[in-house]
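Student: This is the structure I want to talk about, given as structure tokens.
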Amino acid sequence: MFDNLSDKLDKALHVLKGHGSITEVNVAETLKEVRRALLDADVNFKTAKEFTNTVKEKALGQNVLTTLQPGQLMVKLVKDELTELMGGETAGINLSGTPTVILMSGLQGSGKTTFSGKLANYLKTKKTKKPLLVACDIYRPAAINQLHVVGDQIGVEVYSEPENKNPVQIAQNAIAHAKQNGFNVVIVDTAGRLAIDEAMMTEIANVHKAINPHETLFVVDAMTGQDAVNTAKTFNERLNFDGVVLTKLDGDTRGGAAISIKSVVDKPIKFIGTGEKMDAIDVFHPARMADRILGMGDVVSLVERAQEQFDEEEARKLQKKIAKNQFGFDDFLSQIQQVKKMGSMKDLVGMIPGAGKALKDVDIDDDAFKGIEAIIHSMTPTERTQPSVINGSRKKRIAKGSGTSVQQVNQLLKQFDQMSKMMKMMQSGGGRKMMQAMGK
Ligand code: GDP
């Protein structure tokens with residue numbers, strides 16, 4: 001995410017390294033580079049200019065700060081200002097009302113339908129809500145089907161009236177249906193065109209007026225850069241929406257939209273989409289995003305994701321097994337599956353401070369576990385619980401069955417053995433013994 005921008009900002013801020021104090025000259029030089037980096041990332045010209053002017057004023061004003069290195073001070077100023085620019089505080093969504101009505105707006109292809117599903121899934125699992133999805137696209141039967149497919153996938157009911165050509169009526173009927181059937185959130189997915197046109201704007205404005213949503217979200221594809229910002233402006237003029245959803249941040253986006261949208265429309269980014277799957281949704285946190293842009297990682301999100309997947313009951317069982325020396329390959333497999341649930345490997349690595357940059361050119365693919373999983377799947381139940389029985393001929397059979405080599409099987413067995421020993425040590429003697437073992 002935003003690799004290029006991170007790289008360029010890093011280079012720009014390095015200019016100040018080695019200088020004893022912040023002077024007007026070296027600040028100007030650094031900020032010229034920062035501005036260039038922002039413009040290259042497709043940040044709006046006015047926004048980039050205002051950004052660097054504010055940082056400059058603050059930097060010169062803080063000349064007295066001698067405790068920090070100038071380079072560090074600039075990084076902090078840039079980080080704080082980036083955070084401000086992206087909205088400062090995290091903006092929540094309004095879940096009041098019975099039911100809460102949420103209206104989705106945006107162009108076709110922006111990711112509205114996908115996001116409607118993600119949001120329903122998020123509200124259902126995290127906020128224990130009972131959402132209803134509503135298909136209000138009266139032009140494309142395929143769009144209605146798409147929402148039904150999404151709904152089936154996440155186990156959420158979808159309301160549609162394929163024969164009705166009046167979106168206002170459909171939305172109103174859906175809300176009545178929700179009230180009668182105990183749904184407490186109604187997510188209305190609307191039709192989108194390839195470009196903004198008057199008829200479409202009038203249609204969504206009518207739906208908006210008729211259902212008076214608690215939350216109107218504007219969904220936009222982050223890959224479209226400046227266009228995203230312009231479309232946001234047009235929709236905001238008509239709908240006065242409450243928040244923005246930036247999708248496709250997992251792609252090769254330059255980041256401009258994320259940085260400029262708040263300052264242009266003065267509406268916060270509330271969620272981001274980071275993939276096609278239903279769980280690829282994140283609440284947008286400006287400060288954490290600024291950290292990521294500046295290559296400082298995002299440990300908080302990483303820990304949160306780990307916690308989400310953490311199952312206390314499972315952990316206790318695992319601990320018992322380790323204590324009894326019963327940790328086997330099946331347990332290993334379920335550990336891998338837990339890690340995989342946390343998100344894509346590349347995304348996770350990007351959250352580790354420094355790692356994103358260091359491993360920028362390394363091809364981290366999610367198939368990294370595939371070989372390991374295949375090997376374990378080719379083992380018999382006995383081999384999984386008692387790896388010591390795996391002799392030469394068994395290794396050959398496992399390699400053949402998993403499409404790997406005996407060498408790879410050996411490697412996994414060795415890693416597993418080391419891991420088991422380490423776990424045992426952690427259980428019995430605490431960290432000291434382990435450190436000794438590792439030092440050897
Ligand atoms: P709509 O026309 O606005 O309803 O857009 P869709 O929800 O149909 O999405 C258009 C395409 O973008 C689909 O192929 C989605 O799978 C894809 N998409 C949506 N959100 C994301 C995202 O966050 N990341 C990626 N990589 N693809 C996405």
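Every chain in the structure tokens takes a letter, A first, then B, and so on in the order presented; its residues are numbered from 1, and the ligands are numbered from 1 following the presented order.
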Taking only C-alpha atoms and all ligand atoms into account, which residues have an atom no farther than 9 Å from ligand 1? I'd like them as number ranges by chain.
Tutor: A: 105-117, 143, 146-147, 189-194, 219-222, 246-251, 272-277, 280-281
Student: Based on the selection just made, write N, CA and C atoms of those residues as a short mmCIF file (atom, residue, chain, number, x, y, z; two decimals), in the first residue's frame.
Tutor:
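The file below, again34.cif, is the result:
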```cif
data_model
loop_
_atom_site.label_atom_id
_atom_site.label_comp_id
_atom_site.auth_asym_id
_atom_site.auth_seq_id
_atom_site.Cartn_x
_atom_site.Cartn_y
_atom_site.Cartn_z
N SER A 105 -23.69 5.03 -2.09
CA SER A 105 -23.68 5.76 -3.36
C SER A 105 -22.31 5.59 -4.01
N GLY A 106 -22.25 5.91 -5.30
CA GLY A 106 -20.96 5.79 -5.99
C GLY A 106 -21.13 5.33 -7.41
N LEU A 107 -20.05 5.38 -8.17
CA LEU A 107 -20.12 4.97 -9.57
C LEU A 107 -20.13 3.45 -9.70
N GLN A 108 -20.57 3.00 -10.86
CA GLN A 108 -20.55 1.55 -11.13
C GLN A 108 -19.10 1.07 -11.14
N GLY A 109 -18.85 -0.04 -10.52
CA GLY A 109 -17.50 -0.58 -10.50
C GLY A 109 -16.66 -0.08 -9.35
N SER A 110 -17.21 0.86 -8.56
CA SER A 110 -16.41 1.41 -7.45
C SER A 110 -16.26 0.39 -6.34
N GLY A 111 -17.17 -0.58 -6.30
CA GLY A 111 -17.09 -1.59 -5.25
C GLY A 111 -18.25 -1.50 -4.28
N LYS A 112 -19.35 -0.86 -4.70
CA LYS A 112 -20.51 -0.65 -3.83
C LYS A 112 -21.12 -1.96 -3.34
N THR A 113 -21.40 -2.85 -4.31
CA THR A 113 -22.07 -4.10 -3.94
C THR A 113 -21.18 -4.93 -3.02
N THR A 114 -19.91 -5.02 -3.41
CA THR A 114 -18.96 -5.77 -2.57
C THR A 114 -18.92 -5.16 -1.18
N PHE A 115 -18.83 -3.83 -1.12
CA PHE A 115 -18.73 -3.19 0.19
C PHE A 115 -20.02 -3.34 1.00
N SER A 116 -21.17 -3.32 0.33
CA SER A 116 -22.43 -3.50 1.05
C SER A 116 -22.38 -4.83 1.80
N GLY A 117 -21.89 -5.86 1.10
CA GLY A 117 -21.76 -7.18 1.71
C GLY A 117 -20.75 -7.17 2.85
N ALA A 143 -26.88 -7.11 -11.35
CA ALA A 143 -26.47 -6.48 -10.10
C ALA A 143 -27.28 -7.03 -8.92
N GLN A 146 -25.95 -10.39 -8.19
CA GLN A 146 -24.65 -10.27 -7.51
C GLN A 146 -24.85 -10.06 -6.01
N LEU A 147 -25.81 -9.21 -5.65
CA LEU A 147 -26.05 -8.96 -4.23
C LEU A 147 -26.60 -10.22 -3.54
N ASP A 189 -28.16 -0.81 -1.43
CA ASP A 189 -27.18 -0.73 -2.52
C ASP A 189 -27.90 -0.14 -3.73
N THR A 190 -27.35 0.95 -4.27
CA THR A 190 -28.04 1.62 -5.37
C THR A 190 -27.35 1.38 -6.71
N ALA A 191 -28.01 1.83 -7.79
CA ALA A 191 -27.44 1.67 -9.13
C ALA A 191 -26.31 2.67 -9.32
N GLY A 192 -25.31 2.26 -10.08
CA GLY A 192 -24.24 3.20 -10.39
C GLY A 192 -24.03 3.23 -11.89
N ARG A 193 -23.65 4.37 -12.43
CA ARG A 193 -23.34 4.47 -13.86
C ARG A 193 -21.83 4.54 -14.02
N LEU A 194 -21.42 4.44 -15.27
CA LEU A 194 -19.98 4.50 -15.51
C LEU A 194 -19.45 5.92 -15.34
N VAL A 219 -18.94 5.46 -1.95
CA VAL A 219 -17.92 4.44 -2.19
C VAL A 219 -17.10 4.82 -3.41
N VAL A 220 -15.79 4.81 -3.27
CA VAL A 220 -14.95 5.22 -4.41
C VAL A 220 -13.69 4.36 -4.52
N ASP A 221 -13.34 4.10 -5.76
CA ASP A 221 -12.17 3.27 -6.08
C ASP A 221 -10.90 4.11 -5.92
N ALA A 222 -10.06 3.73 -4.96
CA ALA A 222 -8.85 4.50 -4.68
C ALA A 222 -7.89 4.56 -5.86
N LEU A 246 -13.16 4.05 0.87
CA LEU A 246 -12.14 3.93 -0.18
C LEU A 246 -11.89 2.45 -0.43
N THR A 247 -12.18 2.01 -1.65
CA THR A 247 -11.97 0.58 -1.95
C THR A 247 -10.70 0.38 -2.75
N LYS A 248 -10.33 -0.87 -2.86
CA LYS A 248 -9.18 -1.32 -3.67
C LYS A 248 -7.85 -0.73 -3.20
N LEU A 249 -7.74 -0.52 -1.90
CA LEU A 249 -6.47 -0.02 -1.37
C LEU A 249 -5.41 -1.12 -1.35
N ASP A 250 -5.82 -2.33 -1.65
CA ASP A 250 -4.86 -3.43 -1.71
C ASP A 250 -4.10 -3.40 -3.03
N GLY A 251 -4.63 -2.69 -4.00
CA GLY A 251 -3.98 -2.65 -5.30
C GLY A 251 -2.81 -1.70 -5.31
N ILE A 272 -12.13 1.33 4.73
CA ILE A 272 -11.38 1.04 3.52
C ILE A 272 -11.61 -0.42 3.13
N GLY A 273 -11.55 -0.66 1.83
CA GLY A 273 -11.66 -2.02 1.31
C GLY A 273 -10.28 -2.46 0.86
N THR A 274 -9.87 -3.65 1.29
CA THR A 274 -8.51 -4.08 0.97
C THR A 274 -8.49 -5.43 0.28
N GLY A 275 -9.54 -5.75 -0.45
CA GLY A 275 -9.54 -7.03 -1.16
C GLY A 275 -10.93 -7.40 -1.61
N GLU A 276 -11.03 -8.48 -2.37
CA GLU A 276 -12.34 -8.85 -2.90
C GLU A 276 -13.15 -9.69 -1.92
N LYS A 277 -12.47 -10.27 -0.93
CA LYS A 277 -13.19 -11.15 0.00
C LYS A 277 -14.02 -10.35 0.99
N ALA A 280 -12.38 -8.36 3.87
CA ALA A 280 -11.36 -7.37 3.54
C ALA A 280 -11.89 -5.95 3.74
N ILE A 281 -12.27 -5.67 4.98
CA ILE A 281 -12.80 -4.35 5.33
C ILE A 281 -12.09 -3.89 6.59
#
```
Student: Taking only region 96-136 of chain A into account, list the residues labelled helix (DSSP H, G or I) by DSSP (computed from the backbone), as a ChimeraX atom specification.
Tutor: /A:112-126
Student: Could those selected residues go to a file with N, CA and C atoms, as a PDB file, in the first residue's frame?
Tutor:
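The result, written out as part_11.pdb:
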```pdb
ATOM      1  N   LYS A 112     -19.347  -0.858  -4.704  1.00  0.00           N
ATOM      2  CA  LYS A 112     -20.509  -0.654  -3.833  1.00  0.00           C
ATOM      3  C   LYS A 112     -21.122  -1.964  -3.339  1.00  0.00           C
ATOM      4  N   THR A 113     -21.403  -2.853  -4.306  1.00  0.00           N
ATOM      5  CA  THR A 113     -22.070  -4.100  -3.936  1.00  0.00           C
ATOM      6  C   THR A 113     -21.176  -4.932  -3.023  1.00  0.00           C
ATOM      7  N   THR A 114     -19.908  -5.022  -3.408  1.00  0.00           N
ATOM      8  CA  THR A 114     -18.959  -5.768  -2.571  1.00  0.00           C
ATOM      9  C   THR A 114     -18.917  -5.160  -1.176  1.00  0.00           C
ATOM     10  N   PHE A 115     -18.832  -3.827  -1.124  1.00  0.00           N
ATOM     11  CA  PHE A 115     -18.733  -3.188   0.190  1.00  0.00           C
ATOM     12  C   PHE A 115     -20.017  -3.339   0.997  1.00  0.00           C
ATOM     13  N   SER A 116     -21.165  -3.321   0.326  1.00  0.00           N
ATOM     14  CA  SER A 116     -22.430  -3.501   1.055  1.00  0.00           C
ATOM     15  C   SER A 116     -22.377  -4.835   1.795  1.00  0.00           C
ATOM     16  N   GLY A 117     -21.892  -5.863   1.097  1.00  0.00           N
ATOM     17  CA  GLY A 117     -21.758  -7.182   1.707  1.00  0.00           C
ATOM     18  C   GLY A 117     -20.755  -7.166   2.851  1.00  0.00           C
ATOM     19  N   LYS A 118     -19.616  -6.517   2.615  1.00  0.00           N
ATOM     20  CA  LYS A 118     -18.591  -6.468   3.663  1.00  0.00           C
ATOM     21  C   LYS A 118     -19.126  -5.770   4.910  1.00  0.00           C
ATOM     22  N   LEU A 119     -19.844  -4.677   4.700  1.00  0.00           N
ATOM     23  CA  LEU A 119     -20.367  -3.920   5.840  1.00  0.00           C
ATOM     24  C   LEU A 119     -21.412  -4.750   6.606  1.00  0.00           C
ATOM     25  N   ALA A 120     -22.279  -5.438   5.852  1.00  0.00           N
ATOM     26  CA  ALA A 120     -23.286  -6.285   6.504  1.00  0.00           C
ATOM     27  C   ALA A 120     -22.588  -7.348   7.347  1.00  0.00           C
ATOM     28  N   ASN A 121     -21.558  -7.946   6.774  1.00  0.00           N
ATOM     29  CA  ASN A 121     -20.806  -8.983   7.469  1.00  0.00           C
ATOM     30  C   ASN A 121     -20.111  -8.429   8.713  1.00  0.00           C
ATOM     31  N   TYR A 122     -19.536  -7.239   8.554  1.00  0.00           N
ATOM     32  CA  TYR A 122     -18.846  -6.567   9.659  1.00  0.00           C
ATOM     33  C   TYR A 122     -19.823  -6.255  10.798  1.00  0.00           C
ATOM     34  N   LEU A 123     -20.985  -5.716  10.441  1.00  0.00           N
ATOM     35  CA  LEU A 123     -21.967  -5.350  11.474  1.00  0.00           C
ATOM     36  C   LEU A 123     -22.515  -6.593  12.173  1.00  0.00           C
ATOM     37  N   LYS A 124     -22.668  -7.639  11.370  1.00  0.00           N
ATOM     38  CA  LYS A 124     -23.209  -8.883  11.918  1.00  0.00           C
ATOM     39  C   LYS A 124     -22.224  -9.517  12.909  1.00  0.00           C
ATOM     40  N   THR A 125     -20.962  -9.599  12.504  1.00  0.00           N
ATOM     41  CA  THR A 125     -20.003 -10.298  13.363  1.00  0.00           C
ATOM     42  C   THR A 125     -19.445  -9.419  14.484  1.00  0.00           C
ATOM     43  N   LYS A 126     -19.148  -8.139  14.178  1.00  0.00           N
ATOM     44  CA  LYS A 126     -18.504  -7.300  15.198  1.00  0.00           C
ATOM     45  C   LYS A 126     -19.505  -6.593  16.093  1.00  0.00           C
TER      46      LYS A 126
END
```
Student: Could you tell me which of A:Asp347, A:Phe329, A:Ala91, A:Thr47 comes closest to Leu412 (chain A) if we count only C-alpha atoms?
Tutor: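 Looking at the shortest contact to Leu412 (chain A), the residue is A:Phe329.
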Student: Using only C-alpha atoms, determine which residues lie at most 8 Å from region 313-322 of chain A, disregarding the query and same-chain residues fewer than 2 positions distant; provide the list as number ranges by chain.
Tutor: A: 310-311, 324-327, 331, 420, 423-424, 427
Student: Within 9 Å of Thr231 (chain A), counting only C-alpha atoms, which residues show up once you throw out same-chain ones fewer than 2 positions away? Write them as a PDB file with N, CA and C atoms, in the first residue's frame, please.
Tutor:
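Final file, out31.pdb:
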```
ATOM      1  N   GLY A 106     -22.245   5.907  -5.296  1.00  0.00           N
ATOM      2  CA  GLY A 106     -20.956   5.795  -5.987  1.00  0.00           C
ATOM      3  C   GLY A 106     -21.134   5.331  -7.411  1.00  0.00           C
ATOM      4  N   LEU A 107     -20.052   5.381  -8.167  1.00  0.00           N
ATOM      5  CA  LEU A 107     -20.121   4.971  -9.571  1.00  0.00           C
ATOM      6  C   LEU A 107     -20.129   3.451  -9.698  1.00  0.00           C
ATOM      7  N   ALA A 195     -20.294   6.899 -15.567  1.00  0.00           N
ATOM      8  CA  ALA A 195     -19.880   8.277 -15.316  1.00  0.00           C
ATOM      9  C   ALA A 195     -21.081   8.979 -14.691  1.00  0.00           C
ATOM     10  N   ILE A 196     -20.801  10.082 -14.069  1.00  0.00           N
ATOM     11  CA  ILE A 196     -21.892  10.784 -13.406  1.00  0.00           C
ATOM     12  C   ILE A 196     -22.876  11.309 -14.451  1.00  0.00           C
ATOM     13  N   VAL A 220     -15.792   4.813  -3.275  1.00  0.00           N
ATOM     14  CA  VAL A 220     -14.954   5.219  -4.409  1.00  0.00           C
ATOM     15  C   VAL A 220     -13.693   4.356  -4.522  1.00  0.00           C
ATOM     16  N   GLN A 226      -7.096  11.276  -8.695  1.00  0.00           N
ATOM     17  CA  GLN A 226      -7.773  12.575  -8.741  1.00  0.00           C
ATOM     18  C   GLN A 226      -9.243  12.469  -9.126  1.00  0.00           C
ATOM     19  N   ASP A 227      -9.554  11.514 -10.012  1.00  0.00           N
ATOM     20  CA  ASP A 227     -10.943  11.321 -10.419  1.00  0.00           C
ATOM     21  C   ASP A 227     -11.809  10.981  -9.224  1.00  0.00           C
ATOM     22  N   ALA A 228     -11.245  10.234  -8.309  1.00  0.00           N
ATOM     23  CA  ALA A 228     -11.982   9.847  -7.102  1.00  0.00           C
ATOM     24  C   ALA A 228     -12.404  11.100  -6.345  1.00  0.00           C
ATOM     25  N   VAL A 229     -11.467  12.030  -6.251  1.00  0.00           N
ATOM     26  CA  VAL A 229     -11.734  13.257  -5.507  1.00  0.00           C
ATOM     27  C   VAL A 229     -12.804  14.084  -6.222  1.00  0.00           C
ATOM     28  N   LYS A 233     -16.669  15.089  -4.937  1.00  0.00           N
ATOM     29  CA  LYS A 233     -17.181  16.462  -4.877  1.00  0.00           C
ATOM     30  C   LYS A 233     -18.602  16.530  -5.460  1.00  0.00           C
ATOM     31  N   THR A 234     -18.773  15.913  -6.632  1.00  0.00           N
ATOM     32  CA  THR A 234     -20.090  15.959  -7.288  1.00  0.00           C
ATOM     33  C   THR A 234     -21.154  15.264  -6.450  1.00  0.00           C
ATOM     34  N   PHE A 235     -20.841  14.090  -5.939  1.00  0.00           N
ATOM     35  CA  PHE A 235     -21.826  13.361  -5.125  1.00  0.00           C
ATOM     36  C   PHE A 235     -22.138  14.134  -3.845  1.00  0.00           C
ATOM     37  N   ASN A 236     -21.116  14.740  -3.273  1.00  0.00           N
ATOM     38  CA  ASN A 236     -21.332  15.448  -2.014  1.00  0.00           C
ATOM     39  C   ASN A 236     -22.249  16.655  -2.201  1.00  0.00           C
TER      40      ASN A 236
END
```
Student: Excluding Ala174 (chain A) and its own-chain neighbours fewer than 4 positions away, which residues fall within 7 Å of it when counting only C-alpha atoms? Please give them as a list in words.
Tutor: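 What passes the distance filter is Val134, Tyr159, Ile170 and Ala178 of chain A.
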Student: As a PDB file with C-alpha atoms, in the first residue's frame, please: every residue in region 48-132 of chain A that a backbone DSSP assignment puts in strand (DSSP E).
Tutor:
```pdb
ATOM      1  CA  THR A 100     -30.490   2.058  11.073  1.00  0.00           C
ATOM      2  CA  VAL A 101     -30.713   2.929   7.386  1.00  0.00           C
ATOM      3  CA  ILE A 102     -27.469   3.087   5.423  1.00  0.00           C
ATOM      4  CA  LEU A 103     -27.443   4.265   1.802  1.00  0.00           C
ATOM      5  CA  MET A 104     -24.580   3.402  -0.553  1.00  0.00           C
ATOM      6  CA  SER A 105     -23.682   5.756  -3.364  1.00  0.00           C
ATOM      7  CA  PRO A 131     -28.629  -6.508   8.770  1.00  0.00           C
ATOM      8  CA  LEU A 132     -30.815  -6.632   5.661  1.00  0.00           C
TER       9      LEU A 132
END
```
